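Peer 1: Below is the structure I would like to discuss, written out as structure tokens.
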Protein chains: 2
Amino acid sequence: MAEQLYYESFERMEQFMTDAFTAIGVPAEEAKTCAAVLIESDKRGIDSHGVGRFKPIYIDRINEGIQQVNTQFEVVREGKTTAVVDGHDGMGHVIGVRSMQMAIDKAKEYGMGMVAVRNSTHYGIAGYYAIMAANAGMIGITGTNARPSIAPTFGVENMLGTNPITFGMPTDEDFPFVLDCATSITQRGKIEHYDRIGKQMPVGWVIDSNGDPVTDPGAALKGFNTGSCALAPLGGIGEELAGYKGYGYATVVEILSAALQAGSFLKALGGTGEDGGKRPYHLGHFFIAIDINAFIDVDEFKKTAGEILRQLRSSDKAQGQQHIYTAGEKEYLAYLERRETGIPLNAQVRKSLGDVRDQLGIDFQFVWEE
Amino acid sequence: MAEQLYYESFERMEQFMTDAFTAIGVPAEEAKTCAAVLIESDKRGIDSHGVGRFKPIYIDRINEGIQQVNTQFEVVREGKTTAVVDGHDGMGHVIGVRSMQMAIDKAKEYGMGMVAVRNSTHYGIAGYYAIMAANAGMIGITGTNARPSIAPTFGVENMLGTNPITFGMPTDEDFPFVLDCATSITQRGKIEHYDRIGKQMPVGWVIDSNGDPVTDPGAALKGFNTGSCALAPLGGIGEELAGYKGYGYATVVEILSAALQAGSFLKALGGTGEDGGKRPYHLGHFFIAIDINAFIDVDEFKKTAGEILRQLRSSDKAQGQQHIYTAGEKEYLAYLERRETGIPLNAQVRKSLGDVRDQLGIDFQFVWEE
């Protein structure tokens with residue numbers, strides 16, 4: 001069964017989030033940054049990381065006192081191309097944008113730059129930061145740990161975050177190459193969507209505490225909360241389809257998000273203290289910028305990259321398939337569509353936005369209230 | 001049915017390959033480098049990239065004139081942290097070792113280093129170069145393109161190489177963390193093994209020209225040669241289990257292996273000219289070194305990394321499973337075993353080694369000839 005949806009424009013939703021962040025105490029310029037990162041997710045069709053997460057992941061955590069509205073961005077150590085940053089549980093988007101900008105600035109001077117961050121909070125779509133680098137004529141790489149949800153190959157316990165490792169690169173096309181995905185097959189947001197529309201999940205996405213597949217999304221979501229279900233890594237359950245590779249990538253991200261910056265990792269990222277109360281997530285990220293111009297003329301890079309993507313798209317298709325996509329293309333197509341239609345908002349998201357508005361006393365009327 | 005195997009020691013096989021490379025014209029020191037990289041693969045239990053590939057991938061190609069025994073390592077452009085190298089179809093192992101060493105040297109001075117290579121040849125296991133960095137107290141990242149074999153998601157044509165993206169990091173354990181794997185689910189070497197032992201492949205590894213799964217390894221190998229079969233990316237066929245992610249990682253590697261260095265890509269890496277004759281592969285690689293010491297004391301990094309791996313291994317296991325592995329662990333266990341037993345050599349490999357010995361007139365008696 002289809003969900004009832006209402007649509008709001010990019011501009012209105014960005015303004016609403018800016019106003020709400022400002023009202024809850026985020027400094028005005030930083031509120032704009034946070035809203036810009038969040039709305040980019042909706043623009044790109046990534047419903048799991050935009051307005052839909054605005055209340056539960058940001059506003060609620062600020063209210064719970066586990067995320068700080070004033071971001072203390074402390075550079076703990078700095079080298080020519082490198083830096084370690086402590087985010088002191090501030091706003092992840094602000095920390096992310098400043099860190100990637102540092103990496104870009106270093107790369108401009110030295111050819112490469114990398115910033116490792118500890119004690120941050122959810123930084124939204126990783127792709128935002130990779131695109132920052134691509135827009136600066138650079139290769140951008142970023143990753144982040146997250147609350148534990150993936151089980152290792154042959155394991156059943158949620159140990160690793162969905163740990164994206166994300167790449168952005170400029171091309172000569174209308175949009176950059178951006179590979180921005182979890183190292184699990186799927187993630188909670190998609191399972192919640194399956195649950196809402198009453199659809200069974202494919203075998204391989206989720207395992208139970210025996211290691212057997214779970215296909216009922218409601219059971220999976222319940223199991224995540226009690227610890228009796230976990231996500232399978234990219235490549236699936238066991239070794240047959242090479243699940244150890246996705247598990248390996250997730251581990252790479254876990255190490256890079258903690259070991260360079262003396263940060264937290266694995267179960268310590270659960271967001272719950274020993275007393276069962278909520279506590280800061282203390283997330284870690286890393287940001288790498290590589291200045292293409294240090295290797296080759298940027299336009300030549302863009303042309304080669306674009307040519308690779310065009311040749312992939314024009315290669316022979318499987319029976320019944322009309323279109324081979326390249327990374328970032330579906331997101332660009334979503335952007336073109338949503339620029340016209342606005343952002344689709346389901347009942348759950350609409351309620352959460354209304355609740356934020358009412359709590360913070362913002363003057364805003366949503367389209368579904370007209 | 002099991003294969004009949006004979007065993008040779010690391011030392012004897014490394015010596016044999018060194019002698020053979022020298023006999024065919026590779027300068028003595030460089031012959032040692034090539035043999036060292038190849039034997040590392042056998043030591044780590046990766047039979048697809050060691051002595052088994054010695055004749056077809058190196059000796060034969062030298063004989064065919066598409067790979068040069070004298071490696072002309074030309075630094076085309078160099079910056080503080082960056083370099084572009086042209087390998088002029090020389091020995092891939094020599095090019096790889098020198099390039100990663102350059103990246104390490106730059107990282108020692110600036111914190112990071114990256115070298116992009118064009119016109120190289122097969123460089124063996126990517127893990128070798130990542131381990132070089134790890135042994136220098138650094139994070140090593142490397143990747144390479146390869147002759148086309150993976151089909152894009154929704155496609156059926158072999159377009160992308162098995163394109164590994166490989167990470168090496170030091171830990172406080174007896175062996176480094178090394179994730180060294182293709183971005184396809186599997187690769188040709190494993191399918192050849194299935195073919196030899198008469199075992200069917202799982203659904204998802206290989207597709208035919210309709211996009212349907214192929215499970216007979218013989219049919220798959222034949223199809224690779226005629227272009228009617230292709231490997232599926234990590235994540236499998238279509239989007240259900242997120243095959244677009246593996247396809248995306250393979251594309252990242254394809255771009256990084258060509259666009260920074262004005263190198264060849266995709267179908268141009270097929271090794272066949274328009275006249276159907278053999279021609280150089282013109283492979284591209286990239287090598288990144290990140291100096292951990294620029295961020296944090298190396299011992300502290302190693303401890304955190306080791307702790308992450310130990311916690312993963314000691315997490316709850318699936319029913320019937322005794323051991324959760326971390327990347328590089330199985331390879332280390334293989335090393336411990338093979339240090340005692342030697343390297344297992346099947347009939348096909350034994351024949352190829354004998355042929356090389358006879359062609360080059362090397363004085364060497366294999367154990368199976370005693």
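To be explicit about the labels: the chains of the structure tokens are called A, B, and onward in the order shown, and within each one the residues are counted from 1, while ligands get numbers from 1 in the order they are shown.
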Produce a table with one row for each residue of chain A that has an atom at most 6 Å from any atom of chain B, each row naming the nearest atom pair and its distance in Å at one decimal; use only C-alpha atoms; arrange rows by chain and rising residue number; format as CSV.

Peer 2:
```
residue,atom,partner,partner_atom,distance
A:Lys80,CA,B:Tyr110,CA,5.9
A:Thr81,CA,B:Gly111,CA,5.7
A:Tyr110,CA,B:Lys80,CA,5.9
A:Gly111,CA,B:Thr81,CA,5.7
A:Phe154,CA,B:Ala318,CA,5.4
A:Gly155,CA,B:Lys317,CA,4.1
A:Val156,CA,B:Ala318,CA,5.4
A:Glu157,CA,B:Asp316,CA,5.5
A:Ile185,CA,B:Ala242,CA,5.6
A:Asn210,CA,B:Ala318,CA,5.2
A:Gly211,CA,B:Ala318,CA,4.7
A:Leu234,CA,B:Gly235,CA,5.9
A:Gly235,CA,B:Gly235,CA,4.8
A:Leu241,CA,B:Ile185,CA,5.9
A:Ala242,CA,B:Ile185,CA,5.6
A:Ile255,CA,B:Ala305,CA,5.8
A:Ala259,CA,B:Phe301,CA,4.8
A:Leu260,CA,B:Phe295,CA,5.8
A:Phe295,CA,B:Leu260,CA,5.8
A:Ile296,CA,B:Leu260,CA,6.0
A:Phe301,CA,B:Ala259,CA,4.8
A:Thr304,CA,B:Ala259,CA,5.3
A:Ala305,CA,B:Ile255,CA,5.7
A:Asp316,CA,B:Glu157,CA,5.5
A:Lys317,CA,B:Gly155,CA,4.1
A:Ala318,CA,B:Gly211,CA,4.7
A:Gln319,CA,B:Asn210,CA,5.2
A:Ile324,CA,B:Phe154,CA,5.6
```

Peer 1: For A:Ser257, list every protein, DNA or RNA residue within 6 Å, evaluated using only C-alpha atoms, and leave out those in the same chain fewer than 6 positions away; present the list as a ChimeraX atom specification.

Peer 2: /A:144-145,284-286

Peer 1: Next, dump the selected residues to file, keeping only C-alpha atoms, as a tab-separated table (two decimals), in the first residue's frame.

Peer 2:
```tsv
chain	number	residue	atom	x	y	z
A	144	THR	CA	32.30	8.01	9.64
A	145	ASN	CA	31.58	5.43	12.27
A	284	GLY	CA	34.55	9.86	14.64
A	285	HIS	CA	35.00	10.92	11.01
A	286	PHE	CA	37.81	11.36	8.53
```

Peer 1: Could you pull the residues within 7 Å of stretch 330-337 of chain B, counting only C-alpha atoms, minus those fewer than 5 positions along the same chain, as a ChimeraX atom specification?

Peer 2: /B:43-45,175,325

Peer 1: Calculated over only C-alpha atoms, which of the candidates A:Asp299, A:Ser228, A:Ala289, A:Asn119 has the smallest distance to A:Ala268?

Peer 2: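 Nearest candidate to A:Ala268 out of A:Asp299, A:Ser228, A:Ala289, A:Asn119: A:Asn119.
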
Peer 1: Return as a list in words the full set of residues in stretch 211-315 of chain A whose backbone-based DSSP assignment is strand (DSSP E).

Peer 2: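 Across stretch 211-315 of chain A, those assigned strand (DSSP E) are Pro213, Val214, Cys229, Ala230, Leu231, Leu283, Gly284, His285, Phe286, Phe287, Ile288, Ala289, Ile290 and Asp291 of chain A.
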
Peer 1: Pick out each residue of stretch 42-211 of chain A that DSSP on the backbone tags as helix (DSSP H, G or I); I need them as a PDB file with N, CA and C atoms, in the first residue's frame.

Peer 2:
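Final output, states-v5.pdb:
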```pdb
ATOM      1  N   ASP A  42      17.783  15.591   1.057  1.00  0.00           N
ATOM      2  CA  ASP A  42      16.449  15.535   0.441  1.00  0.00           C
ATOM      3  C   ASP A  42      16.524  15.864  -1.040  1.00  0.00           C
ATOM      4  N   LYS A  43      17.356  16.848  -1.388  1.00  0.00           N
ATOM      5  CA  LYS A  43      17.514  17.202  -2.808  1.00  0.00           C
ATOM      6  C   LYS A  43      17.978  16.005  -3.614  1.00  0.00           C
ATOM      7  N   ASP A  47      16.135  10.011   1.446  1.00  0.00           N
ATOM      8  CA  ASP A  47      15.166  10.380   2.470  1.00  0.00           C
ATOM      9  C   ASP A  47      15.611   9.988   3.870  1.00  0.00           C
ATOM     10  N   SER A  48      16.583   9.090   3.938  1.00  0.00           N
ATOM     11  CA  SER A  48      17.015   8.603   5.253  1.00  0.00           C
ATOM     12  C   SER A  48      17.847   9.622   6.013  1.00  0.00           C
ATOM     13  N   HIS A  49      18.347  10.657   5.357  1.00  0.00           N
ATOM     14  CA  HIS A  49      19.305  11.549   6.023  1.00  0.00           C
ATOM     15  C   HIS A  49      18.940  13.024   5.975  1.00  0.00           C
ATOM     16  N   VAL A  51      15.233  15.809   6.130  1.00  0.00           N
ATOM     17  CA  VAL A  51      14.228  16.295   7.087  1.00  0.00           C
ATOM     18  C   VAL A  51      13.648  15.157   7.916  1.00  0.00           C
ATOM     19  N   GLY A  52      13.654  13.957   7.371  1.00  0.00           N
ATOM     20  CA  GLY A  52      13.100  12.813   8.102  1.00  0.00           C
ATOM     21  C   GLY A  52      13.879  12.495   9.366  1.00  0.00           C
ATOM     22  N   ARG A  53      15.130  12.854   9.391  1.00  0.00           N
ATOM     23  CA  ARG A  53      15.951  12.612  10.574  1.00  0.00           C
ATOM     24  C   ARG A  53      16.150  13.883  11.409  1.00  0.00           C
ATOM     25  N   PHE A  54      15.530  14.972  10.949  1.00  0.00           N
ATOM     26  CA  PHE A  54      15.760  16.262  11.593  1.00  0.00           C
ATOM     27  C   PHE A  54      15.426  16.215  13.083  1.00  0.00           C
ATOM     28  N   LYS A  55      14.227  15.744  13.402  1.00  0.00           N
ATOM     29  CA  LYS A  55      13.835  15.692  14.820  1.00  0.00           C
ATOM     30  C   LYS A  55      14.583  14.608  15.597  1.00  0.00           C
ATOM     31  N   PRO A  56      14.487  13.324  15.183  1.00  0.00           N
ATOM     32  CA  PRO A  56      15.057  12.280  16.060  1.00  0.00           C
ATOM     33  C   PRO A  56      16.571  12.357  16.222  1.00  0.00           C
ATOM     34  N   ILE A  57      17.299  12.735  15.186  1.00  0.00           N
ATOM     35  CA  ILE A  57      18.762  12.651  15.231  1.00  0.00           C
ATOM     36  C   ILE A  57      19.400  13.961  15.703  1.00  0.00           C
ATOM     37  N   TYR A  58      18.685  15.072  15.538  1.00  0.00           N
ATOM     38  CA  TYR A  58      19.305  16.353  15.912  1.00  0.00           C
ATOM     39  C   TYR A  58      18.542  17.053  17.042  1.00  0.00           C
ATOM     40  N   ILE A  59      17.286  17.421  16.777  1.00  0.00           N
ATOM     41  CA  ILE A  59      16.528  18.192  17.772  1.00  0.00           C
ATOM     42  C   ILE A  59      16.377  17.398  19.078  1.00  0.00           C
ATOM     43  N   ASP A  60      15.995  16.128  18.972  1.00  0.00           N
ATOM     44  CA  ASP A  60      15.803  15.319  20.183  1.00  0.00           C
ATOM     45  C   ASP A  60      17.105  15.190  20.961  1.00  0.00           C
ATOM     46  N   ARG A  61      18.206  14.995  20.253  1.00  0.00           N
ATOM     47  CA  ARG A  61      19.484  14.800  20.940  1.00  0.00           C
ATOM     48  C   ARG A  61      19.960  16.098  21.600  1.00  0.00           C
ATOM     49  N   ILE A  62      19.647  17.205  20.972  1.00  0.00           N
ATOM     50  CA  ILE A  62      19.966  18.491  21.618  1.00  0.00           C
ATOM     51  C   ILE A  62      19.121  18.616  22.883  1.00  0.00           C
ATOM     52  N   ASN A  63      17.826  18.287  22.772  1.00  0.00           N
ATOM     53  CA  ASN A  63      16.939  18.349  23.937  1.00  0.00           C
ATOM     54  C   ASN A  63      17.400  17.412  25.053  1.00  0.00           C
ATOM     55  N   GLY A  92      27.485  18.035  14.175  1.00  0.00           N
ATOM     56  CA  GLY A  92      28.289  17.245  13.244  1.00  0.00           C
ATOM     57  C   GLY A  92      28.461  17.898  11.878  1.00  0.00           C
ATOM     58  N   HIS A  93      27.415  18.596  11.410  1.00  0.00           N
ATOM     59  CA  HIS A  93      27.505  19.228  10.080  1.00  0.00           C
ATOM     60  C   HIS A  93      28.540  20.344  10.089  1.00  0.00           C
ATOM     61  N   VAL A  94      28.541  21.104  11.179  1.00  0.00           N
ATOM     62  CA  VAL A  94      29.487  22.224  11.286  1.00  0.00           C
ATOM     63  C   VAL A  94      30.911  21.673  11.362  1.00  0.00           C
ATOM     64  N   ILE A  95      31.066  20.627  12.152  1.00  0.00           N
ATOM     65  CA  ILE A  95      32.380  19.982  12.295  1.00  0.00           C
ATOM     66  C   ILE A  95      32.818  19.401  10.945  1.00  0.00           C
ATOM     67  N   GLY A  96      31.880  18.789  10.252  1.00  0.00           N
ATOM     68  CA  GLY A  96      32.193  18.161   8.970  1.00  0.00           C
ATOM     69  C   GLY A  96      32.621  19.181   7.920  1.00  0.00           C
ATOM     70  N   VAL A  97      31.852  20.253   7.806  1.00  0.00           N
ATOM     71  CA  VAL A  97      32.163  21.269   6.792  1.00  0.00           C
ATOM     72  C   VAL A  97      33.504  21.927   7.099  1.00  0.00           C
ATOM     73  N   ARG A  98      33.741  22.251   8.367  1.00  0.00           N
ATOM     74  CA  ARG A  98      35.015  22.903   8.704  1.00  0.00           C
ATOM     75  C   ARG A  98      36.186  21.950   8.490  1.00  0.00           C
ATOM     76  N   SER A  99      35.985  20.670   8.796  1.00  0.00           N
ATOM     77  CA  SER A  99      37.073  19.694   8.645  1.00  0.00           C
ATOM     78  C   SER A  99      37.400  19.465   7.172  1.00  0.00           C
ATOM     79  N   MET A 100      36.369  19.275   6.347  1.00  0.00           N
ATOM     80  CA  MET A 100      36.665  19.062   4.930  1.00  0.00           C
ATOM     81  C   MET A 100      37.286  20.320   4.343  1.00  0.00           C
ATOM     82  N   GLN A 101      36.848  21.499   4.799  1.00  0.00           N
ATOM     83  CA  GLN A 101      37.451  22.728   4.278  1.00  0.00           C
ATOM     84  C   GLN A 101      38.936  22.789   4.655  1.00  0.00           C
ATOM     85  N   MET A 102      39.261  22.364   5.862  1.00  0.00           N
ATOM     86  CA  MET A 102      40.684  22.307   6.279  1.00  0.00           C
ATOM     87  C   MET A 102      41.464  21.379   5.359  1.00  0.00           C
ATOM     88  N   ALA A 103      40.898  20.210   5.090  1.00  0.00           N
ATOM     89  CA  ALA A 103      41.578  19.235   4.219  1.00  0.00           C
ATOM     90  C   ALA A 103      41.775  19.819   2.819  1.00  0.00           C
ATOM     91  N   ILE A 104      40.759  20.529   2.321  1.00  0.00           N
ATOM     92  CA  ILE A 104      40.847  21.152   0.992  1.00  0.00           C
ATOM     93  C   ILE A 104      41.929  22.226   0.986  1.00  0.00           C
ATOM     94  N   ASP A 105      41.961  23.040   2.043  1.00  0.00           N
ATOM     95  CA  ASP A 105      42.968  24.111   2.109  1.00  0.00           C
ATOM     96  C   ASP A 105      44.377  23.534   2.144  1.00  0.00           C
ATOM     97  N   LYS A 106      44.551  22.481   2.901  1.00  0.00           N
ATOM     98  CA  LYS A 106      45.867  21.829   2.970  1.00  0.00           C
ATOM     99  C   LYS A 106      46.238  21.235   1.612  1.00  0.00           C
ATOM    100  N   ALA A 107      45.262  20.635   0.956  1.00  0.00           N
ATOM    101  CA  ALA A 107      45.529  20.035  -0.354  1.00  0.00           C
ATOM    102  C   ALA A 107      45.895  21.103  -1.383  1.00  0.00           C
ATOM    103  N   LYS A 108      45.290  22.267  -1.261  1.00  0.00           N
ATOM    104  CA  LYS A 108      45.639  23.358  -2.189  1.00  0.00           C
ATOM    105  C   LYS A 108      47.109  23.698  -2.058  1.00  0.00           C
ATOM    106  N   GLU A 109      47.607  23.660  -0.819  1.00  0.00           N
ATOM    107  CA  GLU A 109      48.998  24.043  -0.591  1.00  0.00           C
ATOM    108  C   GLU A 109      49.963  22.880  -0.852  1.00  0.00           C
ATOM    109  N   TYR A 110      49.590  21.671  -0.419  1.00  0.00           N
ATOM    110  CA  TYR A 110      50.540  20.542  -0.447  1.00  0.00           C
ATOM    111  C   TYR A 110      50.159  19.421  -1.416  1.00  0.00           C
ATOM    112  N   GLY A 127      28.185  12.203   1.533  1.00  0.00           N
ATOM    113  CA  GLY A 127      28.353  12.732   0.189  1.00  0.00           C
ATOM    114  C   GLY A 127      28.518  14.242   0.148  1.00  0.00           C
ATOM    115  N   TYR A 128      27.907  14.940   1.106  1.00  0.00           N
ATOM    116  CA  TYR A 128      28.011  16.409   1.116  1.00  0.00           C
ATOM    117  C   TYR A 128      29.468  16.853   1.128  1.00  0.00           C
ATOM    118  N   TYR A 129      30.267  16.177   1.942  1.00  0.00           N
ATOM    119  CA  TYR A 129      31.666  16.587   2.129  1.00  0.00           C
ATOM    120  C   TYR A 129      32.516  16.158   0.935  1.00  0.00           C
ATOM    121  N   ALA A 130      32.182  14.997   0.375  1.00  0.00           N
ATOM    122  CA  ALA A 130      32.886  14.545  -0.825  1.00  0.00           C
ATOM    123  C   ALA A 130      32.603  15.504  -1.983  1.00  0.00           C
ATOM    124  N   ILE A 131      31.369  16.015  -2.052  1.00  0.00           N
ATOM    125  CA  ILE A 131      30.997  16.967  -3.113  1.00  0.00           C
ATOM    126  C   ILE A 131      31.721  18.296  -2.912  1.00  0.00           C
ATOM    127  N   MET A 132      31.893  18.705  -1.651  1.00  0.00           N
ATOM    128  CA  MET A 132      32.668  19.935  -1.384  1.00  0.00           C
ATOM    129  C   MET A 132      34.032  19.853  -2.069  1.00  0.00           C
ATOM    130  N   ALA A 133      34.689  18.708  -1.903  1.00  0.00           N
ATOM    131  CA  ALA A 133      36.010  18.533  -2.513  1.00  0.00           C
ATOM    132  C   ALA A 133      35.898  18.512  -4.033  1.00  0.00           C
ATOM    133  N   ALA A 134      34.912  17.774  -4.558  1.00  0.00           N
ATOM    134  CA  ALA A 134      34.745  17.691  -6.014  1.00  0.00           C
ATOM    135  C   ALA A 134      34.511  19.076  -6.605  1.00  0.00           C
ATOM    136  N   ASN A 135      33.720  19.892  -5.915  1.00  0.00           N
ATOM    137  CA  ASN A 135      33.448  21.247  -6.405  1.00  0.00           C
ATOM    138  C   ASN A 135      34.691  22.132  -6.366  1.00  0.00           C
ATOM    139  N   ARG A 188      18.842   1.073   8.354  1.00  0.00           N
ATOM    140  CA  ARG A 188      17.607   1.102   9.109  1.00  0.00           C
ATOM    141  C   ARG A 188      16.497   1.908   8.417  1.00  0.00           C
ATOM    142  N   GLY A 189      16.856   3.044   7.825  1.00  0.00           N
ATOM    143  CA  GLY A 189      15.857   3.904   7.189  1.00  0.00           C
ATOM    144  C   GLY A 189      15.065   3.157   6.120  1.00  0.00           C
ATOM    145  N   LYS A 190      15.759   2.323   5.360  1.00  0.00           N
ATOM    146  CA  LYS A 190      15.092   1.586   4.289  1.00  0.00           C
ATOM    147  C   LYS A 190      14.194   0.490   4.871  1.00  0.00           C
ATOM    148  N   ILE A 191      14.631  -0.093   5.962  1.00  0.00           N
ATOM    149  CA  ILE A 191      13.829  -1.138   6.612  1.00  0.00           C
ATOM    150  C   ILE A 191      12.577  -0.516   7.236  1.00  0.00           C
ATOM    151  N   GLU A 192      12.731   0.681   7.784  1.00  0.00           N
ATOM    152  CA  GLU A 192      11.565   1.389   8.324  1.00  0.00           C
ATOM    153  C   GLU A 192      10.551   1.665   7.204  1.00  0.00           C
ATOM    154  N   HIS A 193      11.075   2.018   6.048  1.00  0.00           N
ATOM    155  CA  HIS A 193      10.202   2.265   4.898  1.00  0.00           C
ATOM    156  C   HIS A 193       9.457   0.978   4.508  1.00  0.00           C
ATOM    157  N   TYR A 194      10.172  -0.153   4.441  1.00  0.00           N
ATOM    158  CA  TYR A 194       9.528  -1.440   4.133  1.00  0.00           C
ATOM    159  C   TYR A 194       8.450  -1.752   5.177  1.00  0.00           C
ATOM    160  N   ASP A 195       8.745  -1.425   6.420  1.00  0.00           N
ATOM    161  CA  ASP A 195       7.790  -1.695   7.496  1.00  0.00           C
ATOM    162  C   ASP A 195       6.519  -0.867   7.293  1.00  0.00           C
ATOM    163  N   ARG A 196       6.711   0.412   6.948  1.00  0.00           N
ATOM    164  CA  ARG A 196       5.549   1.297   6.773  1.00  0.00           C
ATOM    165  C   ARG A 196       4.671   0.845   5.617  1.00  0.00           C
ATOM    166  N   ILE A 197       5.299   0.371   4.523  1.00  0.00           N
ATOM    167  CA  ILE A 197       4.485  -0.023   3.365  1.00  0.00           C
ATOM    168  C   ILE A 197       4.159  -1.523   3.377  1.00  0.00           C
TER     169      ILE A 197
END
```

Peer 1: Find the spatial neighbours of stretch 6-10 of chain A, counting only C-alpha atoms, within a cut-off of 7 Å - ignore same-chain residues fewer than 5 positions away - and output them as a VMD selection string.

Peer 2: chain A and resid 39 341 to 346 367 to 368

Peer 1: For the residues in the current selection, export C-alpha atoms as a short mmCIF file (atom, residue, chain, number, x, y, z; two decimals), in the first residue's frame.

Peer 2:
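Contents of selection-v3.cif, as written:
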```cif
data_model
loop_
_atom_site.label_atom_id
_atom_site.label_comp_id
_atom_site.auth_asym_id
_atom_site.auth_seq_id
_atom_site.Cartn_x
_atom_site.Cartn_y
_atom_site.Cartn_z
CA ILE A 39 18.46 19.64 2.72
CA THR A 341 7.73 18.56 -7.14
CA GLY A 342 9.31 19.40 -3.79
CA ILE A 343 10.29 16.91 -1.09
CA PRO A 344 7.84 14.07 -0.39
CA LEU A 345 6.93 13.92 3.30
CA ASN A 346 5.17 10.93 4.85
CA VAL A 367 1.30 22.76 3.20
CA TRP A 368 -0.76 19.97 4.75
#
```

Peer 1: Which of these residues is nearest to A:Gly124, using only C-alpha atoms: A:Gly143, A:Lys222, A:Ile150, A:Pro27?

Peer 2: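 Of the candidates, the smallest distance to A:Gly124 is held by A:Gly143.
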